[in-house]
Each structure stands twice: as structure tokens, then as C-alpha cells.
file query-v4.txt (compact mmCIF, C-alpha atoms (C1' of nucleotides))
# COMPACT_ATOMS: atom_id res chain seq x y z
CA MET A 19 12.90 -6.71 7.73
CA GLU A 20 10.15 -6.63 10.35
CA PRO A 21 8.29 -3.78 12.11
CA VAL A 22 10.14 -2.27 15.06
CA HIS A 23 6.85 -0.71 16.16
CA PRO A 24 4.04 -3.29 15.74
CA GLU A 25 1.60 -0.85 17.32
CA PHE A 26 1.93 1.36 14.24
CA VAL A 27 1.22 -1.35 11.65
CA PRO A 28 -1.67 -0.02 9.52
CA ASP A 29 -4.92 -1.81 10.38
CA PRO A 30 -7.57 -1.35 7.65
CA SER A 31 -10.35 -2.43 10.04
CA LEU A 32 -9.95 0.67 12.21
CA SER A 33 -12.55 3.42 12.03
CA GLN A 34 -11.55 6.57 10.22
CA THR A 35 -11.27 8.38 13.54
CA GLU A 36 -8.96 5.69 14.89
CA MET A 37 -6.85 5.83 11.75
CA GLU A 38 -6.41 9.57 12.17
CA ALA A 39 -5.52 9.15 15.84
CA LEU A 40 -2.87 6.58 14.91
CA GLN A 41 -1.45 8.98 12.35
CA ARG A 42 -1.04 11.66 15.00
CA ASN A 43 0.92 9.22 17.15
CA ILE A 44 3.07 8.26 14.18
CA ALA A 45 3.77 11.91 13.42
CA GLU A 46 4.96 12.41 16.99
CA ALA A 47 7.29 9.42 16.74
CA ALA A 48 8.60 10.63 13.38
CA ARG A 49 11.92 12.45 13.15
CA PHE A 50 12.06 15.06 10.41
CA ASP A 51 15.78 15.71 10.76
CA ASP A 52 18.81 13.77 9.55
CA ASP A 53 19.61 10.52 11.31
CA LEU A 54 21.14 8.49 8.52
CA GLY A 55 23.82 5.85 8.78
CA PHE A 56 25.74 7.45 5.93
CA SER A 57 26.69 10.80 4.44
CA PRO A 58 24.16 11.99 1.87
CA ASP A 59 27.07 12.97 -0.36
CA THR A 60 28.45 9.44 -0.73
CA MET A 61 25.82 8.77 -3.35
CA ALA A 62 27.78 7.28 -6.18
CA ARG A 63 25.81 6.50 -9.32
CA ALA A 64 25.85 3.97 -12.10
CA GLY A 65 28.80 4.69 -14.35
CA ASP A 66 30.93 6.16 -11.60
CA THR A 67 34.42 4.81 -11.17
CA PRO A 68 34.39 2.16 -8.42
CA ASP A 69 37.72 3.27 -6.89
CA ASP A 70 36.29 6.71 -6.29
CA ASP A 71 35.09 5.31 -3.03
CA GLN A 72 38.44 4.17 -1.72
CA THR A 73 40.34 5.83 1.09
CA THR A 74 42.35 8.95 0.51
CA LEU A 75 45.25 9.16 2.98
CA THR A 76 45.03 12.87 3.61
CA GLY A 77 41.40 13.50 2.77
CA GLY A 78 38.30 12.90 4.82
CA ASP A 79 36.87 9.45 5.47
CA ARG A 80 35.96 8.04 2.10
CA THR A 81 35.99 4.40 3.09
CA THR A 82 32.22 4.35 3.53
CA ALA A 83 30.52 2.17 0.95
CA PRO A 84 27.74 3.84 -1.03
CA PRO A 85 24.39 3.47 0.76
CA LEU A 86 21.79 0.82 0.01
CA VAL A 87 18.80 2.69 -1.38
CA ALA A 88 15.46 0.92 -1.71
CA GLY A 89 12.57 1.94 -3.92
CA VAL A 90 9.01 0.79 -3.16
CA ASP A 91 6.02 0.90 -5.46
CA GLN A 92 2.66 -0.80 -5.93
CA ALA A 93 0.50 -2.07 -8.76
CA PHE A 94 -3.10 -3.23 -8.46
CA VAL A 95 -5.17 -6.13 -9.79
CA ASP A 96 -8.83 -6.13 -8.89
CA ASP A 97 -8.89 -6.27 -5.10
CA ARG A 98 -5.23 -7.04 -4.64
CA ALA A 99 -2.19 -4.84 -4.20
CA VAL A 100 1.21 -5.96 -5.48
CA SER A 101 4.09 -4.30 -3.66
CA ALA A 102 7.61 -4.39 -5.08
CA ILE A 103 10.89 -3.36 -3.50
CA VAL A 104 14.16 -2.93 -5.38
CA VAL A 105 17.39 -2.25 -3.49
CA LEU A 106 20.30 -0.55 -5.25
CA ARG A 107 23.86 0.32 -4.28
CA ASN A 108 25.85 2.50 -6.57
CA GLY A 109 23.14 2.16 -9.21
CA GLU A 110 23.39 -1.63 -9.15
CA VAL A 111 20.48 -3.91 -8.18
CA ILE A 112 21.30 -5.81 -4.99
CA GLU A 113 17.93 -7.41 -4.26
CA ARG A 114 14.29 -7.26 -5.30
CA VAL A 115 11.19 -8.78 -3.76
CA SER A 116 7.43 -8.51 -4.10
CA ALA A 117 4.32 -9.46 -2.16
CA VAL A 118 0.60 -9.56 -2.89
CA LYS A 119 -2.16 -8.70 -0.45
CA ARG A 120 -5.87 -8.00 -0.70
CA THR A 121 -6.86 -4.35 -0.41
CA GLU A 122 -9.37 -4.00 2.41
CA ILE A 123 -10.41 -0.41 1.87
CA PRO A 124 -10.74 1.98 -1.08
CA TYR A 125 -8.39 4.85 -1.78
CA ILE A 126 -9.14 7.70 0.59
CA PRO A 127 -6.94 10.84 0.38
CA GLY A 128 -5.03 11.07 3.64
CA LEU A 129 -5.46 7.40 4.51
CA LEU A 130 -3.41 5.81 1.74
CA SER A 131 -1.18 3.83 4.10
CA PHE A 132 -4.16 1.85 5.39
CA ARG A 133 -4.87 0.67 1.85
CA GLU A 134 -1.31 -0.05 0.68
CA GLY A 135 0.66 -0.44 3.91
CA GLY A 136 -0.15 -4.11 4.44
CA ALA A 137 1.25 -5.18 1.08
CA ILE A 138 4.32 -2.98 1.58
CA LEU A 139 5.13 -4.46 4.99
CA ALA A 140 4.58 -7.96 3.58
CA ALA A 141 7.18 -7.18 0.92
CA PHE A 142 9.61 -5.84 3.53
CA ALA A 143 9.18 -9.08 5.47
CA GLU A 144 10.59 -10.86 2.40
CA LEU A 145 13.53 -8.50 2.09
CA GLU A 146 16.88 -9.83 3.34
CA THR A 147 18.83 -6.64 2.78
CA ASP A 148 18.68 -3.84 5.34
CA PRO A 149 18.42 -0.66 3.26
CA ASP A 150 20.03 2.57 4.49
CA VAL A 151 17.12 4.60 3.18
CA VAL A 152 13.79 3.83 1.53
CA LEU A 153 12.11 5.85 -1.23
CA VAL A 154 8.34 5.43 -0.95
CA ASP A 155 5.85 6.39 -3.64
CA GLY A 156 3.59 9.01 -2.08
CA SER A 157 3.86 11.70 0.55
CA GLY A 158 5.73 11.73 3.81
CA ARG A 159 5.45 14.86 5.91
CA ILE A 160 3.37 16.57 3.22
CA HIS A 161 0.17 15.26 4.74
CA PHE A 162 -2.75 16.63 6.77
CA ARG A 163 -1.33 15.10 9.95
CA GLU A 164 2.32 14.86 8.81
CA ALA A 165 1.90 11.10 8.54
CA GLY A 166 1.81 10.14 4.88
CA LEU A 167 2.67 6.71 3.52
CA ALA A 168 6.44 7.29 3.66
CA THR A 169 6.23 8.42 7.28
CA HIS A 170 4.01 5.51 8.26
CA ILE A 171 6.36 2.94 6.70
CA GLY A 172 9.54 4.67 7.92
CA VAL A 173 8.38 4.97 11.53
CA THR A 174 6.92 1.46 11.69
CA LEU A 175 10.16 -0.09 10.43
CA ASP A 176 12.30 2.64 11.99
CA VAL A 177 14.21 3.11 8.77
CA PRO A 178 15.11 6.43 7.12
CA ALA A 179 12.39 7.10 4.55
CA VAL A 180 11.58 9.66 1.87
CA GLY A 181 8.25 10.35 0.21
CA VAL A 182 8.30 10.73 -3.58
CA ALA A 183 4.97 11.85 -5.06
CA LYS A 184 3.90 13.01 -8.49
CA SER A 185 1.41 15.55 -7.26
CA LEU A 186 0.83 17.74 -4.25
CA LEU A 187 -1.53 16.50 -1.53
CA CYS A 188 -1.51 19.64 0.61
CA GLY A 189 0.65 22.58 1.62
CA THR A 190 1.57 25.77 -0.23
CA PRO A 191 4.46 26.01 -2.73
CA ALA A 192 6.69 29.11 -2.46
CA GLN A 193 6.24 29.56 -6.20
CA SER A 194 3.57 28.41 -8.60
CA LEU A 195 3.99 24.82 -9.81
CA GLU A 196 2.24 25.75 -13.04
CA GLU A 197 5.41 27.25 -14.48
CA THR A 198 8.14 25.34 -16.31
CA TYR A 199 11.35 25.13 -14.29
CA PRO A 200 14.85 24.00 -15.28
CA GLU A 201 16.45 20.84 -13.92
CA GLY A 202 17.72 21.25 -10.40
CA THR A 203 15.01 23.68 -9.36
CA ARG A 204 13.80 23.16 -5.81
CA ILE A 205 10.67 24.89 -4.53
CA PRO A 206 9.86 24.74 -0.80
CA ILE A 207 6.41 23.56 0.23
CA ALA A 208 5.12 25.25 3.40
CA ALA A 209 2.55 23.97 5.85
CA ASP A 210 -0.75 25.87 5.69
CA ASP A 211 -4.13 25.51 7.38
CA SER A 212 -4.64 22.10 5.79
CA VAL A 213 -1.74 20.74 7.84
CA GLU A 214 -3.27 20.53 11.30
CA THR A 215 -0.25 19.29 13.27
CA CYS A 216 2.39 21.98 12.74
CA PRO A 217 2.73 25.77 12.49
CA ASN A 218 1.93 27.44 9.18
CA GLY A 219 5.07 28.22 7.25
CA THR A 220 6.97 25.12 8.32
CA VAL A 221 8.81 23.71 5.30
CA ILE A 222 7.39 20.20 4.96
CA GLY A 223 8.95 19.27 1.63
CA HIS A 224 9.96 20.48 -1.83
CA ALA A 225 8.90 20.32 -5.43
CA VAL A 226 12.03 18.97 -7.15
CA GLN A 227 12.66 19.27 -10.88
CA THR A 228 14.79 16.18 -11.52
CA ARG A 229 14.30 16.33 -15.24
CA GLN A 230 13.27 18.88 -17.86
CA TYR A 231 13.17 19.07 -21.64
CA ASP A 232 15.71 21.37 -23.26
CA SER A 233 13.41 22.66 -25.93
CA PRO A 234 10.12 24.48 -26.46
CA ASN A 235 6.56 23.66 -25.67
CA ARG A 236 6.91 20.33 -23.93
CA TYR A 237 7.52 20.18 -20.21
CA ILE A 238 7.82 17.83 -17.24
CA ASN A 239 6.18 18.43 -13.85
CA PRO A 240 8.36 18.39 -10.76
CA LEU A 241 8.33 15.58 -8.21
CA ILE A 242 6.95 16.33 -4.76
CA VAL A 243 9.53 15.19 -2.22
CA SER A 244 9.09 15.15 1.55
CA PRO A 245 10.73 13.64 4.64
CA GLY A 246 9.30 10.32 5.74
CA HIS A 247 11.38 9.56 8.82
CA ARG A 248 14.92 10.36 10.05
CA VAL A 249 15.54 12.65 7.07
CA SER A 250 15.30 16.44 6.73
CA ALA A 251 13.44 18.13 3.90
CA SER A 252 16.60 19.27 2.15
CA THR A 253 18.36 15.92 2.52
CA ALA A 254 15.26 14.18 1.18
CA ALA A 255 15.54 16.35 -1.93
CA ASP A 256 19.30 15.64 -2.12
CA LEU A 257 18.69 11.89 -2.01
CA VAL A 258 16.11 12.00 -4.77
CA GLU A 259 18.30 14.19 -6.96
CA GLY A 260 21.28 11.97 -6.23
CA THR A 261 19.56 8.79 -7.33
CA ALA A 262 17.81 10.20 -10.40
CA ASP A 263 19.62 9.15 -13.55
CA GLY A 264 18.22 10.72 -16.69
CA TYR A 265 14.59 10.14 -15.79
CA LYS A 266 12.05 12.06 -13.77
CA LEU A 267 11.83 9.32 -11.13
CA PRO A 268 14.81 8.27 -9.02
CA GLU A 269 16.21 4.91 -10.19
CA PRO A 270 15.09 2.82 -7.18
CA THR A 271 11.51 4.06 -7.62
CA ARG A 272 11.56 3.59 -11.37
CA LEU A 273 12.81 0.02 -11.08
CA ALA A 274 10.34 -0.82 -8.32
CA ASP A 275 7.58 0.56 -10.52
CA SER A 276 8.39 -1.73 -13.44
CA TYR A 277 9.07 -4.69 -11.17
CA ALA A 278 5.63 -4.22 -9.60
CA ASP A 279 4.15 -4.38 -13.10
CA GLU A 280 6.07 -7.59 -13.80
CA ALA A 281 4.94 -9.17 -10.56
CA LYS A 282 1.40 -8.09 -11.30
CA ALA A 283 1.47 -9.71 -14.74
CA ALA A 284 2.94 -12.89 -13.26
CA SER A 285 0.37 -12.99 -10.47
CA SER A 286 -2.49 -12.83 -12.97
CA ASP A 287 -0.94 -15.26 -15.43
CA PRO A 288 -2.92 -18.56 -15.73
CA SER A 289 0.19 -20.49 -16.79
CA GLU A 290 1.63 -19.90 -13.38
C1' DG B 27 -23.34 22.40 2.60
C1' DC B 28 -19.08 23.08 -0.81
C1' DG B 29 -14.34 22.52 -2.09
C1' DA B 30 -9.96 19.66 -2.11
C1' DC B 31 -7.29 15.78 -1.66
C1' DA B 32 -0.79 11.02 -2.51
C1' DG B 33 -2.09 6.22 -5.05
C1' DA C 18 -3.75 3.43 -9.30
C1' DT C 19 -5.93 1.75 -14.07
C1' DC C 20 -7.80 1.92 -19.09
C1' DT C 21 -4.66 2.94 -24.08
C1' DT C 22 -2.94 5.34 -29.51
C1' DG C 23 -0.69 8.45 -31.26
C1' DT C 24 2.88 11.80 -31.18
C1' DC C 25 6.88 14.56 -30.09
C1' DG C 26 11.89 14.79 -29.78
C1' DC C 27 16.80 13.20 -29.50

call {"tool": "encode", "arguments": {"input": "query-v4.txt", "output": "C-alpha cells"}}
result
Amino acid sequence: MEPVHPEFVPDPSLSQTEMEALQRNIAEAARFDDDLGFSPDTMARAGDTPDDDQTTLTGGDRTTAPPLVAGVDQAFVDDRAVSAIVVLRNGEVIERVSAVKRTEIPYIPGLLSFREGGAILAAFAELETDPDVVLVDGSGRIHFREAGLATHIGVTLDVPAVGVAKSLLCGTPAQSLEETYPEGTRIPIAADDSVETCPNGTVIGHAVQTRQYDSPNRYINPLIVSPGHRVSASTAADLVEGTADGYKLPEPTRLADSYADEAKAASSDPSE
DNA sequence: GCGACAG
DNA sequence: ATCTTGTCGC
């Protein structure tokens, strides 16, 4: 798939001020409410009975096929970024692609999309499938200008997108994230003074505990989930919870992560 | 000036 | 993100 908004394609040669200006425009074009082509509750998972998705004469419309969910993740080799995309439906891999691109700028908090965005869009250009929603590694609305990596990619491609991060970039959690929470716990993240584009108190995402150990002194940190584009904060959390399958990371993200490592190894293999 | 900051 | 062994727990 190709960019619907070429003017938003991340350009690493821009000045920092120009990058920030572009992010403000992207945040204005972003929709942080649900505009999905499917019902978030049609998320069947691996192991589910296939005929669960057939029509019920008297029930609601259950003819809708489970959505195509894509996971995107990157790996790095020297000055190159390897982006991998894995598309799943019903827990089954439908397609996977990867692309390699040189990184033009270093990692700068708040400007991640200008470092990784090029490789990601190159990978999407290779993708034949049109995913219903994309899970991007990093923040979406939880960003200083509400334009994190997931928002940048989602708006540029005009595809529903969700940000899945392992740590909090900004914003204030309703409860401390230092505690150990049981699976299923969802803690709202509110905008604070560090988020300069929206009122303080706005819920810009959630900490989501997709996995937790049963026993004593070992614990797992929650994921930080936020809307990227065309998804609300609560639906973003629903989608991540609905695609997680026994691991902390949702399946599409987990598979993209390992595929990126494979592609990275292959790209730096002399015998190839 | 200092702190804080996804991957 | 990346560099890596051991260690805990089911």
C-alpha cells in the first residue's frame, strides 16, 4: 500500500522545527475516535472454531470475516533499518514483507518517525494485503504533539493504527506504573503539561497489562497503548488485548519482531 | 541551565 | 534499538 497523504511522508532532511510543524499538521489530520471497517469484537483468535464466524439466522450480523491485523517492527544493522510487517487474520499469517533503508538521523525522543518512518513506508509499499488495522511499535497519541510513530504512519497511509510501546514517553498515569497489576488491568494515561496540543486530563492512551505471572516476586510491566489514527483509546486497548495470545506483546507485533530479526540476519549474511 | 524523553 | 549469561518458573 502507498501513502494517501504524500505531504506527510517523514523527511529526515527537515530541520527539527520543520519536523515539529509537520507533526502538528499530522495531529490535526488524525482521528482519535473509532472509524474501523469492522467491529472490534469480531476478533477471533488462533484456536477458535472457524464456524464461530458464520451467520446466525436470528442473531446479529456475524458474517463479517475476522479483521486483517498487521504488526510492524524494526531491527537495526549499523546505519540501516530493517522494517518487517506481518499480517494476521484469525491468528493465522496471511502475508509478511520486509524492507531495508538507511537511517538518516539518530534517535531523538519525539522524532522517532523521521528515523524509522522511511523503512516502514518502504515495507508497506511491498505489502499486497490491505490490513484493517496496523499495530505499530511505539507511541501514537501519547506524544508531545500527539503525533507519535503510529499516528504518523496511520495518517500518512490513512489506515487505522494503534501504538504499542514498552515504556511511557509522556503523560500521567492515573495510578503508579511501579506496582504489579493483574492481567486485564487498564490504567488511563492523561495528557499533562508535556503534551502541548491538547487539554490536560485528556485520556491519550492506557497502560495495558496483557500478561502477568501468577506467582511471587517476578513481574511483567504493562504495555503502553495509544490511538494512532481512526481508533479511540479504549478500542486501541481492546485490539491489543484481543490479539495478545499468552505473551506480553500482541501476536502481530511479536511475529513482526522476530521476522525483523530474521530479515536483519539475512541482510547481513555474506552467503546471500 | 537542568531534567526527561517511544525505538 | 543493540550488546549477552544465567536464572526463574511452569

call {"tool": "closest_residue", "arguments": {"input": "query-v4.txt", "among": "A:Ser31, A:Ser250, A:Ser185, A:Asn108", "to": "chain B", "atoms": "only C-alpha atoms (C1' of nucleotides)"}}
result
A:Ser185

call {"tool": "residues_around", "arguments": {"input": "query-v4.txt", "residues": "DC25 in chain C", "least_positions_apart": "3", "cutoff": "12 Å", "atoms": "all atoms listed in the file", "output": "list in words"}}
result
Tyr231, Ser233, Pro234, Asn235, Arg236 and Tyr237 of chain A

call {"tool": "residues_around", "arguments": {"input": "query-v4.txt", "residues": "Gln193 in chain A", "least_positions_apart": "4", "cutoff": "10 Å", "atoms": "only C-alpha atoms (C1' of nucleotides)", "output": "list in words"}}
result
Glu197, Arg204, Ile205, Pro206, Ile207 and Ala225 of chain A

call {"tool": "atom_distance", "arguments": {"input": "query-v4.txt", "atom1": "CA of Leu86 in chain A", "atom2": "CA of Val258 in chain A"}}
result
13.4 Å

call {"tool": "interface_residues", "arguments": {"input": "query-v4.txt", "of": "chain A", "to": "chain C", "cutoff": "12 Å", "atoms": "all atoms listed in the file", "output": "number ranges by chain"}}
result
A: 91-100, 124-125, 130, 133-134, 155-156, 231-237, 275, 279

call {"tool": "interface_residues", "arguments": {"input": "query-v4.txt", "of": "chain B", "to": "chain A", "cutoff": "10 Å", "atoms": "all atoms listed in the file", "output": "ChimeraX atom specification"}}
result
/B:30-33

call {"tool": "residues_around", "arguments": {"input": "query-v4.txt", "residues": "Gly264 in chain A", "least_positions_apart": "3", "cutoff": "12 Å", "atoms": "all atoms listed in the file", "output": "number ranges by chain"}}
result
A: 63-64, 201, 227-231, 259-261, 267-269, 272

call {"tool": "atom_distance", "arguments": {"input": "query-v4.txt", "atom1": "CA of Lys266 in chain A", "atom2": "CA of Ala45 in chain A"}}
result
28.4 Å

call {"tool": "atom_distance", "arguments": {"input": "query-v4.txt", "atom1": "CA of Val151 in chain A", "atom2": "CA of Leu273 in chain A"}}
result
15.6 Å
